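Undergrad: Here you go, this is target_7.txt (compact mmCIF, N, CA and C atoms).
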```
# COMPACT_ATOMS: atom_id res chain seq x y z
N MET A 1 20.67 -64.24 -47.41
CA MET A 1 20.65 -62.95 -46.74
C MET A 1 21.55 -62.00 -47.52
N ASN A 2 21.08 -60.79 -47.73
CA ASN A 2 21.81 -59.76 -48.47
C ASN A 2 22.04 -58.59 -47.51
N LYS A 3 23.19 -58.56 -46.83
CA LYS A 3 23.50 -57.52 -45.85
C LYS A 3 24.96 -57.14 -45.98
N VAL A 4 25.24 -55.86 -46.02
CA VAL A 4 26.62 -55.38 -46.12
C VAL A 4 26.82 -54.26 -45.10
N ILE A 5 27.99 -54.24 -44.47
CA ILE A 5 28.38 -53.19 -43.54
C ILE A 5 29.72 -52.66 -44.01
N LEU A 6 29.81 -51.35 -44.20
CA LEU A 6 31.02 -50.73 -44.72
C LEU A 6 31.41 -49.51 -43.90
N MET A 7 32.71 -49.24 -43.82
CA MET A 7 33.21 -48.00 -43.24
C MET A 7 34.24 -47.43 -44.19
N GLY A 8 34.09 -46.15 -44.50
CA GLY A 8 35.03 -45.50 -45.40
C GLY A 8 34.79 -44.01 -45.44
N ARG A 9 35.44 -43.37 -46.40
CA ARG A 9 35.33 -41.91 -46.56
C ARG A 9 34.67 -41.58 -47.88
N LEU A 10 33.88 -40.50 -47.87
CA LEU A 10 33.23 -40.05 -49.10
C LEU A 10 34.27 -39.48 -50.04
N THR A 11 34.18 -39.85 -51.32
CA THR A 11 35.15 -39.39 -52.30
C THR A 11 34.81 -38.00 -52.83
N ARG A 12 33.55 -37.58 -52.68
CA ARG A 12 33.10 -36.24 -53.07
C ARG A 12 31.80 -35.96 -52.34
N ASP A 13 31.31 -34.74 -52.44
CA ASP A 13 30.04 -34.39 -51.80
C ASP A 13 28.92 -35.23 -52.40
N PRO A 14 27.95 -35.63 -51.58
CA PRO A 14 26.81 -36.40 -52.11
C PRO A 14 26.02 -35.58 -53.14
N GLU A 15 25.41 -36.29 -54.08
CA GLU A 15 24.57 -35.65 -55.10
C GLU A 15 23.13 -36.11 -54.90
N SER A 16 22.22 -35.15 -54.74
CA SER A 16 20.82 -35.47 -54.48
C SER A 16 19.92 -35.00 -55.60
N ARG A 17 18.83 -35.71 -55.77
CA ARG A 17 17.76 -35.28 -56.65
C ARG A 17 16.45 -35.72 -56.01
N TYR A 18 15.38 -35.16 -56.47
CA TYR A 18 14.07 -35.47 -55.90
C TYR A 18 13.16 -36.01 -56.99
N THR A 19 12.35 -37.01 -56.62
CA THR A 19 11.40 -37.56 -57.58
C THR A 19 10.35 -36.51 -57.89
N GLN A 20 9.71 -36.63 -59.03
CA GLN A 20 8.66 -35.70 -59.40
C GLN A 20 7.46 -35.94 -58.52
N GLN A 21 6.82 -34.87 -58.19
CA GLN A 21 5.69 -34.92 -57.28
C GLN A 21 4.39 -34.95 -58.08
N ASN A 22 3.51 -35.90 -57.75
CA ASN A 22 2.18 -35.87 -58.34
C ASN A 22 1.17 -35.54 -57.24
N SER A 23 -0.09 -35.47 -57.56
CA SER A 23 -1.10 -34.97 -56.62
C SER A 23 -1.26 -35.86 -55.39
N SER A 24 -1.00 -37.15 -55.47
CA SER A 24 -1.24 -38.03 -54.34
C SER A 24 0.02 -38.42 -53.57
N GLN A 25 1.15 -37.91 -53.99
CA GLN A 25 2.40 -38.38 -53.40
C GLN A 25 3.39 -37.23 -53.27
N GLU A 26 4.15 -37.24 -52.16
CA GLU A 26 5.20 -36.25 -51.97
C GLU A 26 6.45 -36.68 -52.73
N SER A 27 7.32 -35.71 -53.04
CA SER A 27 8.58 -36.06 -53.71
C SER A 27 9.50 -36.75 -52.70
N MET A 28 10.40 -37.58 -53.20
CA MET A 28 11.32 -38.32 -52.35
C MET A 28 12.75 -37.99 -52.75
N CYS A 29 13.59 -37.83 -51.74
CA CYS A 29 15.01 -37.54 -51.97
C CYS A 29 15.76 -38.83 -52.30
N ILE A 30 16.59 -38.75 -53.33
CA ILE A 30 17.48 -39.85 -53.71
C ILE A 30 18.89 -39.28 -53.75
N THR A 31 19.73 -39.76 -52.85
CA THR A 31 21.09 -39.24 -52.74
C THR A 31 22.10 -40.33 -53.06
N ARG A 32 23.06 -39.99 -53.91
CA ARG A 32 24.12 -40.92 -54.30
C ARG A 32 25.46 -40.39 -53.79
N TYR A 33 26.27 -41.31 -53.32
CA TYR A 33 27.65 -40.97 -52.96
C TYR A 33 28.52 -42.20 -53.13
N THR A 34 29.83 -41.95 -53.22
CA THR A 34 30.79 -43.04 -53.37
C THR A 34 31.64 -43.11 -52.12
N LEU A 35 31.79 -44.30 -51.60
CA LEU A 35 32.54 -44.54 -50.39
C LEU A 35 33.85 -45.25 -50.74
N ALA A 36 34.97 -44.67 -50.31
CA ALA A 36 36.29 -45.31 -50.49
C ALA A 36 36.54 -46.16 -49.26
N VAL A 37 36.59 -47.48 -49.47
CA VAL A 37 36.75 -48.43 -48.37
C VAL A 37 38.12 -49.09 -48.52
N ASP A 38 38.98 -48.91 -47.52
CA ASP A 38 40.32 -49.51 -47.56
C ASP A 38 40.23 -51.02 -47.55
N ARG A 39 41.13 -51.64 -48.30
CA ARG A 39 41.27 -53.10 -48.27
C ARG A 39 42.23 -53.44 -47.15
N LYS A 40 41.78 -54.23 -46.22
CA LYS A 40 42.60 -54.59 -45.07
C LYS A 40 43.78 -55.45 -45.49
N GLY A 41 44.97 -55.02 -45.07
CA GLY A 41 46.16 -55.83 -45.25
C GLY A 41 46.72 -55.92 -46.65
N SER A 42 46.20 -55.19 -47.62
CA SER A 42 46.76 -55.29 -48.97
C SER A 42 47.41 -53.97 -49.35
N ARG A 43 48.70 -53.94 -49.19
CA ARG A 43 49.46 -52.75 -49.55
C ARG A 43 50.44 -53.12 -50.65
N SER A 44 50.43 -52.29 -51.69
CA SER A 44 51.40 -52.53 -52.77
C SER A 44 52.21 -51.25 -52.97
N GLU A 45 53.50 -51.40 -52.93
CA GLU A 45 54.42 -50.28 -53.11
C GLU A 45 54.16 -49.15 -52.11
N GLY A 46 53.80 -49.49 -50.87
CA GLY A 46 53.61 -48.49 -49.84
C GLY A 46 52.30 -47.74 -49.90
N GLN A 47 51.43 -48.06 -50.84
CA GLN A 47 50.15 -47.36 -50.95
C GLN A 47 49.01 -48.28 -50.53
N GLN A 48 48.08 -47.71 -49.80
CA GLN A 48 46.88 -48.45 -49.38
C GLN A 48 45.94 -48.54 -50.57
N SER A 49 45.43 -49.71 -50.85
CA SER A 49 44.46 -49.84 -51.94
C SER A 49 43.06 -49.79 -51.35
N ALA A 50 42.10 -49.36 -52.15
CA ALA A 50 40.73 -49.19 -51.68
C ALA A 50 39.76 -49.60 -52.77
N ASP A 51 38.56 -49.93 -52.34
CA ASP A 51 37.44 -50.16 -53.25
C ASP A 51 36.56 -48.92 -53.20
N PHE A 52 35.97 -48.57 -54.32
CA PHE A 52 35.10 -47.41 -54.40
C PHE A 52 33.68 -47.91 -54.62
N ILE A 53 32.87 -47.80 -53.57
CA ILE A 53 31.55 -48.40 -53.53
C ILE A 53 30.49 -47.33 -53.77
N SER A 54 29.64 -47.56 -54.76
CA SER A 54 28.53 -46.66 -55.06
C SER A 54 27.38 -46.93 -54.09
N CYS A 55 26.89 -45.88 -53.44
CA CYS A 55 25.83 -46.01 -52.44
C CYS A 55 24.65 -45.11 -52.80
N VAL A 56 23.43 -45.57 -52.48
CA VAL A 56 22.22 -44.82 -52.74
C VAL A 56 21.38 -44.81 -51.48
N ALA A 57 20.99 -43.61 -51.03
CA ALA A 57 20.14 -43.45 -49.85
C ALA A 57 18.83 -42.79 -50.28
N PHE A 58 17.73 -43.33 -49.82
CA PHE A 58 16.40 -42.82 -50.18
C PHE A 58 15.73 -42.14 -49.00
N GLY A 59 14.81 -41.23 -49.30
CA GLY A 59 13.96 -40.61 -48.27
C GLY A 59 14.74 -39.82 -47.25
N ARG A 60 14.42 -40.06 -45.97
CA ARG A 60 15.08 -39.31 -44.88
C ARG A 60 16.58 -39.58 -44.83
N ALA A 61 16.97 -40.81 -45.12
CA ALA A 61 18.41 -41.12 -45.14
C ALA A 61 19.11 -40.29 -46.21
N GLY A 62 18.48 -40.12 -47.36
CA GLY A 62 19.03 -39.29 -48.43
C GLY A 62 19.12 -37.83 -48.03
N GLU A 63 18.07 -37.34 -47.36
CA GLU A 63 18.08 -35.94 -46.90
C GLU A 63 19.17 -35.71 -45.87
N PHE A 64 19.38 -36.69 -44.96
CA PHE A 64 20.43 -36.58 -43.96
C PHE A 64 21.80 -36.50 -44.62
N ALA A 65 22.04 -37.40 -45.58
CA ALA A 65 23.33 -37.41 -46.28
C ALA A 65 23.56 -36.11 -47.02
N GLU A 66 22.51 -35.60 -47.67
CA GLU A 66 22.61 -34.34 -48.41
C GLU A 66 22.98 -33.19 -47.48
N LYS A 67 22.42 -33.18 -46.29
CA LYS A 67 22.61 -32.07 -45.36
C LYS A 67 23.94 -32.12 -44.61
N TYR A 68 24.37 -33.32 -44.20
CA TYR A 68 25.50 -33.41 -43.27
C TYR A 68 26.78 -34.04 -43.83
N PHE A 69 26.70 -34.84 -44.86
CA PHE A 69 27.90 -35.50 -45.36
C PHE A 69 28.63 -34.62 -46.37
N ARG A 70 29.96 -34.64 -46.31
CA ARG A 70 30.80 -33.90 -47.24
C ARG A 70 31.98 -34.77 -47.63
N LYS A 71 32.65 -34.36 -48.69
CA LYS A 71 33.84 -35.07 -49.16
C LYS A 71 34.81 -35.25 -48.00
N GLY A 72 35.31 -36.48 -47.83
CA GLY A 72 36.27 -36.78 -46.77
C GLY A 72 35.66 -37.25 -45.47
N THR A 73 34.34 -37.11 -45.31
CA THR A 73 33.68 -37.54 -44.09
C THR A 73 33.79 -39.06 -43.96
N LYS A 74 34.19 -39.51 -42.78
CA LYS A 74 34.26 -40.95 -42.52
C LYS A 74 32.93 -41.40 -41.95
N ILE A 75 32.31 -42.38 -42.63
CA ILE A 75 31.00 -42.86 -42.21
C ILE A 75 30.96 -44.38 -42.19
N THR A 76 29.97 -44.90 -41.49
CA THR A 76 29.68 -46.32 -41.48
C THR A 76 28.27 -46.49 -42.01
N ILE A 77 28.08 -47.44 -42.93
CA ILE A 77 26.75 -47.69 -43.47
C ILE A 77 26.44 -49.19 -43.39
N SER A 78 25.16 -49.47 -43.37
CA SER A 78 24.73 -50.86 -43.56
C SER A 78 23.58 -50.81 -44.56
N GLY A 79 23.47 -51.87 -45.32
CA GLY A 79 22.44 -51.92 -46.35
C GLY A 79 22.49 -53.22 -47.10
N ARG A 80 22.02 -53.18 -48.34
CA ARG A 80 21.99 -54.38 -49.16
C ARG A 80 22.57 -54.06 -50.53
N ILE A 81 23.12 -55.07 -51.18
CA ILE A 81 23.67 -54.90 -52.52
C ILE A 81 22.56 -55.11 -53.53
N GLN A 82 22.51 -54.22 -54.51
CA GLN A 82 21.53 -54.33 -55.58
C GLN A 82 22.25 -54.19 -56.92
N THR A 83 22.00 -55.12 -57.81
CA THR A 83 22.59 -55.06 -59.14
C THR A 83 21.52 -54.71 -60.16
N GLY A 84 21.95 -54.16 -61.26
CA GLY A 84 21.01 -53.81 -62.33
C GLY A 84 21.77 -53.60 -63.62
N SER A 85 21.03 -53.23 -64.65
CA SER A 85 21.65 -52.95 -65.94
C SER A 85 20.77 -52.01 -66.73
N TYR A 86 21.39 -51.33 -67.69
CA TYR A 86 20.67 -50.46 -68.61
C TYR A 86 21.46 -50.38 -69.92
N THR A 87 20.81 -49.89 -70.94
CA THR A 87 21.47 -49.70 -72.23
C THR A 87 21.81 -48.23 -72.38
N ASN A 88 23.08 -47.92 -72.62
CA ASN A 88 23.49 -46.53 -72.75
C ASN A 88 23.17 -45.98 -74.14
N ARG A 89 23.55 -44.74 -74.38
CA ARG A 89 23.24 -44.06 -75.66
C ARG A 89 23.89 -44.72 -76.86
N ASP A 90 25.00 -45.42 -76.61
CA ASP A 90 25.71 -46.11 -77.69
C ASP A 90 25.16 -47.51 -77.95
N GLY A 91 24.10 -47.87 -77.23
CA GLY A 91 23.50 -49.18 -77.40
C GLY A 91 24.22 -50.30 -76.67
N GLN A 92 25.16 -49.95 -75.80
CA GLN A 92 25.90 -50.95 -75.04
C GLN A 92 25.22 -51.22 -73.70
N ARG A 93 25.27 -52.47 -73.27
CA ARG A 93 24.69 -52.86 -71.99
C ARG A 93 25.66 -52.47 -70.88
N VAL A 94 25.19 -51.74 -69.86
CA VAL A 94 26.00 -51.31 -68.73
C VAL A 94 25.43 -51.98 -67.47
N TYR A 95 26.30 -52.65 -66.72
CA TYR A 95 25.88 -53.32 -65.50
C TYR A 95 26.26 -52.48 -64.29
N THR A 96 25.38 -52.41 -63.30
CA THR A 96 25.59 -51.58 -62.12
C THR A 96 25.52 -52.43 -60.85
N THR A 97 26.26 -51.98 -59.85
CA THR A 97 26.19 -52.56 -58.51
C THR A 97 26.20 -51.40 -57.52
N ASP A 98 25.17 -51.33 -56.69
CA ASP A 98 25.04 -50.27 -55.69
C ASP A 98 24.74 -50.89 -54.33
N VAL A 99 25.10 -50.16 -53.28
CA VAL A 99 24.63 -50.51 -51.94
C VAL A 99 23.45 -49.60 -51.65
N ILE A 100 22.29 -50.20 -51.37
CA ILE A 100 21.12 -49.44 -50.97
C ILE A 100 21.23 -49.24 -49.46
N VAL A 101 21.39 -47.99 -49.04
CA VAL A 101 21.67 -47.66 -47.65
C VAL A 101 20.40 -47.81 -46.81
N GLU A 102 20.53 -48.58 -45.73
CA GLU A 102 19.45 -48.72 -44.77
C GLU A 102 19.75 -47.94 -43.50
N GLU A 103 21.02 -47.90 -43.10
CA GLU A 103 21.47 -47.14 -41.93
C GLU A 103 22.79 -46.48 -42.27
N GLN A 104 23.01 -45.29 -41.71
CA GLN A 104 24.27 -44.57 -41.93
C GLN A 104 24.54 -43.71 -40.72
N GLU A 105 25.83 -43.58 -40.39
CA GLU A 105 26.20 -42.73 -39.27
C GLU A 105 27.64 -42.28 -39.41
N PHE A 106 27.98 -41.24 -38.68
CA PHE A 106 29.35 -40.74 -38.68
C PHE A 106 30.25 -41.75 -37.97
N ALA A 107 31.48 -41.91 -38.46
CA ALA A 107 32.42 -42.86 -37.87
C ALA A 107 33.54 -42.16 -37.11
N GLU A 108 33.55 -40.83 -37.10
CA GLU A 108 34.53 -40.09 -36.31
C GLU A 108 33.98 -38.72 -35.99
N SER A 109 34.57 -38.10 -34.99
CA SER A 109 34.10 -36.78 -34.58
C SER A 109 34.57 -35.72 -35.58
N LYS A 110 33.95 -34.55 -35.50
CA LYS A 110 34.36 -33.45 -36.37
C LYS A 110 35.81 -33.06 -36.09
N ARG A 111 36.20 -33.10 -34.83
CA ARG A 111 37.58 -32.73 -34.48
C ARG A 111 38.56 -33.71 -35.12
N ALA A 112 38.26 -34.99 -35.07
CA ALA A 112 39.13 -35.99 -35.69
C ALA A 112 39.17 -35.81 -37.20
N GLU A 113 38.10 -35.30 -37.75
CA GLU A 113 38.01 -35.07 -39.18
C GLU A 113 38.80 -33.82 -39.59
N GLY A 114 39.25 -33.06 -38.58
CA GLY A 114 40.04 -31.88 -38.87
C GLY A 114 39.21 -30.61 -38.95
N GLN A 115 37.97 -30.69 -38.50
CA GLN A 115 37.12 -29.51 -38.51
C GLN A 115 36.85 -29.10 -37.08
N GLN A 116 36.70 -27.81 -36.86
CA GLN A 116 36.39 -27.27 -35.54
C GLN A 116 34.90 -27.30 -35.32
N GLY A 117 34.46 -27.81 -34.19
CA GLY A 117 33.03 -27.81 -33.87
C GLY A 117 32.51 -26.40 -33.67
N GLU A 118 31.22 -26.19 -33.88
CA GLU A 118 30.63 -24.86 -33.73
C GLU A 118 30.63 -24.41 -32.28
N ASN A 119 30.32 -25.29 -31.33
CA ASN A 119 30.27 -24.95 -29.92
C ASN A 119 31.53 -25.42 -29.23
N SER A 120 32.55 -24.62 -29.29
CA SER A 120 33.83 -25.01 -28.68
C SER A 120 34.14 -24.13 -27.48
N SER A 121 33.13 -23.81 -26.65
CA SER A 121 33.35 -22.96 -25.49
C SER A 121 34.08 -23.71 -24.38
N TYR A 122 34.04 -25.05 -24.39
CA TYR A 122 34.77 -25.85 -23.42
C TYR A 122 35.84 -26.63 -24.17
N PRO A 123 37.06 -26.66 -23.63
CA PRO A 123 38.16 -27.33 -24.35
C PRO A 123 37.95 -28.83 -24.45
N ASP A 124 38.45 -29.39 -25.52
CA ASP A 124 38.41 -30.84 -25.76
C ASP A 124 39.53 -31.49 -24.96
N THR A 125 39.25 -32.66 -24.37
CA THR A 125 40.26 -33.36 -23.57
C THR A 125 41.17 -34.22 -24.42
N GLY A 126 40.92 -34.30 -25.73
CA GLY A 126 41.74 -35.10 -26.62
C GLY A 126 41.22 -36.51 -26.83
N ASP A 127 40.23 -36.91 -26.03
CA ASP A 127 39.66 -38.25 -26.18
C ASP A 127 38.25 -38.20 -26.76
N GLY A 128 37.86 -37.05 -27.32
CA GLY A 128 36.54 -36.92 -27.92
C GLY A 128 35.49 -36.37 -26.97
N PHE A 129 35.87 -36.13 -25.70
CA PHE A 129 34.93 -35.60 -24.72
C PHE A 129 35.33 -34.18 -24.33
N MET A 130 34.34 -33.37 -23.97
CA MET A 130 34.62 -32.01 -23.52
C MET A 130 35.03 -32.04 -22.06
N ASN A 131 35.89 -31.11 -21.68
CA ASN A 131 36.26 -30.92 -20.29
C ASN A 131 35.23 -29.97 -19.67
N ILE A 132 34.30 -30.51 -18.91
CA ILE A 132 33.24 -29.71 -18.30
C ILE A 132 33.74 -29.18 -16.96
N PRO A 133 33.73 -27.85 -16.78
CA PRO A 133 34.24 -27.29 -15.53
C PRO A 133 33.32 -27.56 -14.35
N ASP A 134 33.89 -27.52 -13.14
CA ASP A 134 33.09 -27.68 -11.92
C ASP A 134 32.11 -26.52 -11.79
N GLY A 135 30.98 -26.77 -11.14
CA GLY A 135 29.99 -25.72 -10.92
C GLY A 135 29.07 -25.46 -12.09
N ILE A 136 29.14 -26.26 -13.13
CA ILE A 136 28.30 -26.05 -14.31
C ILE A 136 26.85 -26.32 -14.01
N ASP A 137 26.56 -27.10 -12.97
CA ASP A 137 25.17 -27.44 -12.63
C ASP A 137 24.30 -26.20 -12.41
N GLU A 138 24.88 -25.13 -11.87
CA GLU A 138 24.10 -23.92 -11.64
C GLU A 138 23.66 -23.25 -12.93
N GLU A 139 24.36 -23.49 -14.04
CA GLU A 139 24.05 -22.86 -15.32
C GLU A 139 23.01 -23.63 -16.13
N LEU A 140 22.72 -24.88 -15.74
CA LEU A 140 21.79 -25.69 -16.51
C LEU A 140 20.36 -25.22 -16.28
N PRO A 141 19.52 -25.21 -17.33
CA PRO A 141 18.15 -24.73 -17.19
C PRO A 141 17.21 -25.78 -16.59
N PHE A 142 17.70 -26.92 -16.24
CA PHE A 142 16.89 -27.98 -15.63
C PHE A 142 17.67 -28.63 -14.52
N SER A 143 17.00 -29.37 -13.65
CA SER A 143 17.72 -30.01 -12.55
C SER A 143 17.35 -31.46 -12.41
```
Have the structure of the file written as structure tokens, please.

TA:
Amino acid sequence: MNKVILMGRLTRDPESRYTQQNSSQESMCITRYTLAVDRKGSRSEGQQSADFISCVAFGRAGEFAEKYFRKGTKITISGRIQTGSYTNRDGQRVYTTDVIVEEQEFAESKRAEGQQGENSSYPDTGDGFMNIPDGIDEELPFS
């Protein structure tokens, strides 16, 4: 079984490209990003050490990452490890290891990330939930 689950922060904004489109097929989004994943319990000289994991998301997952993920965003992903190799311009063999993303989601709220949400008309209670005032039922467009 080849399954990996990771939680970490993006080291930079995701980079996307699209496959070339031919007459019978639509183009597909391919998005790459690097995830900094802390190593549990290994601290040297007061600094937390981390692994930097290369991730690739295809199709809708790639489009989602391109649209919503930014440098510093904390996310959780699951996928599979894929290894490969290629010969670079200097004729040297380069080996690669990537996580092919199958699922991805945010691991913290925007407020925890230090960003203000767009709809902040109701104050945050500090636990990630909005403080909804009494009598709001009359304002809802459905019952």

Undergrad: When distances are computed from all atoms listed in the file, which of A:Ala61, A:Ile30, A:Ile75, A:Ala36 shows the smallest separation from Glu108 (chain A)?

TA: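 For Glu108 (chain A), the nearest of the candidates is A:Ile75.
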
Undergrad: Can you pull out the residues contacting Tyr33 (chain A)? Cut-off 5 Å, using only N, CA and C atoms, and skip same-chain residues under 6 positions away; I want them as a list in words.

TA: Pro14, Ser54 and Cys55 of chain A

Undergrad: Need to verify the contact set: Met7 (chain A), 9 Å, only C-alpha atoms, exclusion of same-chain residues closer than 2 positions in sequence. Can you return it as a ChimeraX atom specification?

TA: /A:5,9,35-38,74-78,107

Undergrad: Rank A:Val56, A:Gln25, A:Arg111, A:Glu66 by their smallest atom-to-atom distance to Val99 (chain A), using all atoms listed in the file, and report the top residue only.

TA: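 Checking each of A:Val56, A:Gln25, A:Arg111, A:Glu66 against Val99 (chain A), counting all atoms listed in the file, the winner is A:Val56.
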
Undergrad: Rounded to one decimal in Å, what is the spacing between atom N of Ile81 (chain A) and atom C of Glu102 (chain A)?

TA: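 These atoms are spaced 11.0 Å apart.
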
Undergrad: Between A:Val4, A:Ala112, A:Val94, A:Leu10, which has the minimum distance to Gln82 (chain A) (counting only C-alpha atoms)?

TA: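 Of the candidates, the smallest distance to Gln82 (chain A) is held by A:Val4.
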
Undergrad: To one decimal place in Å, what is the distance between CA of Glu15 (chain A) and CA of Met1 (chain A)?

TA: 28.8 Å

Undergrad: Report the distance between CA of Thr11 (chain A) and atom N of Lys71 (chain A) in Å, rounded to one decimal place.

TA: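 Computing it gives 6.7 Å between the two atoms.
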
Undergrad: Hey, which of A:Lys67, A:Arg80, A:Arg17, A:Lys110 ends up closest to Thr97 (chain A)? Count only C-alpha atoms.

TA: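 Smallest distance to Thr97 (chain A) is found for A:Arg80.
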
Undergrad: Can you work out which one of A:Ser49, A:Ser27, A:Ser16, A:Phe106 has the shortest atom-to-atom distance to Gly62 (chain A), counting all atoms listed in the file?

TA: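 Going through A:Ser49, A:Ser27, A:Ser16, A:Phe106 one by one, the smallest distance to Gly62 (chain A) is for A:Ser16.
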
Undergrad: Just give me the residues with any atom within 6.5 Å of (16.5, -46.4, -51.2), file coordinates, counting all atoms listed in the file, written as number ranges by chain.

TA: A: 56-59, 100-101

Undergrad: Those residues you just picked out, can you put them in a file as a PDB file, in the frame of the given file with N, CA and C atoms?

TA:
```pdb
ATOM      1  N   VAL A  56      23.430 -45.570 -52.480  1.00  0.00           N
ATOM      2  CA  VAL A  56      22.220 -44.820 -52.740  1.00  0.00           C
ATOM      3  C   VAL A  56      21.380 -44.810 -51.480  1.00  0.00           C
ATOM      4  N   ALA A  57      20.990 -43.610 -51.030  1.00  0.00           N
ATOM      5  CA  ALA A  57      20.140 -43.450 -49.850  1.00  0.00           C
ATOM      6  C   ALA A  57      18.830 -42.790 -50.280  1.00  0.00           C
ATOM      7  N   PHE A  58      17.730 -43.330 -49.820  1.00  0.00           N
ATOM      8  CA  PHE A  58      16.400 -42.820 -50.180  1.00  0.00           C
ATOM      9  C   PHE A  58      15.730 -42.140 -49.000  1.00  0.00           C
ATOM     10  N   GLY A  59      14.810 -41.230 -49.300  1.00  0.00           N
ATOM     11  CA  GLY A  59      13.960 -40.610 -48.270  1.00  0.00           C
ATOM     12  C   GLY A  59      14.740 -39.820 -47.250  1.00  0.00           C
ATOM     13  N   ILE A 100      22.290 -50.200 -51.370  1.00  0.00           N
ATOM     14  CA  ILE A 100      21.120 -49.440 -50.970  1.00  0.00           C
ATOM     15  C   ILE A 100      21.230 -49.240 -49.460  1.00  0.00           C
ATOM     16  N   VAL A 101      21.390 -47.990 -49.040  1.00  0.00           N
ATOM     17  CA  VAL A 101      21.670 -47.660 -47.650  1.00  0.00           C
ATOM     18  C   VAL A 101      20.400 -47.810 -46.810  1.00  0.00           C
TER      19      VAL A 101
END
```
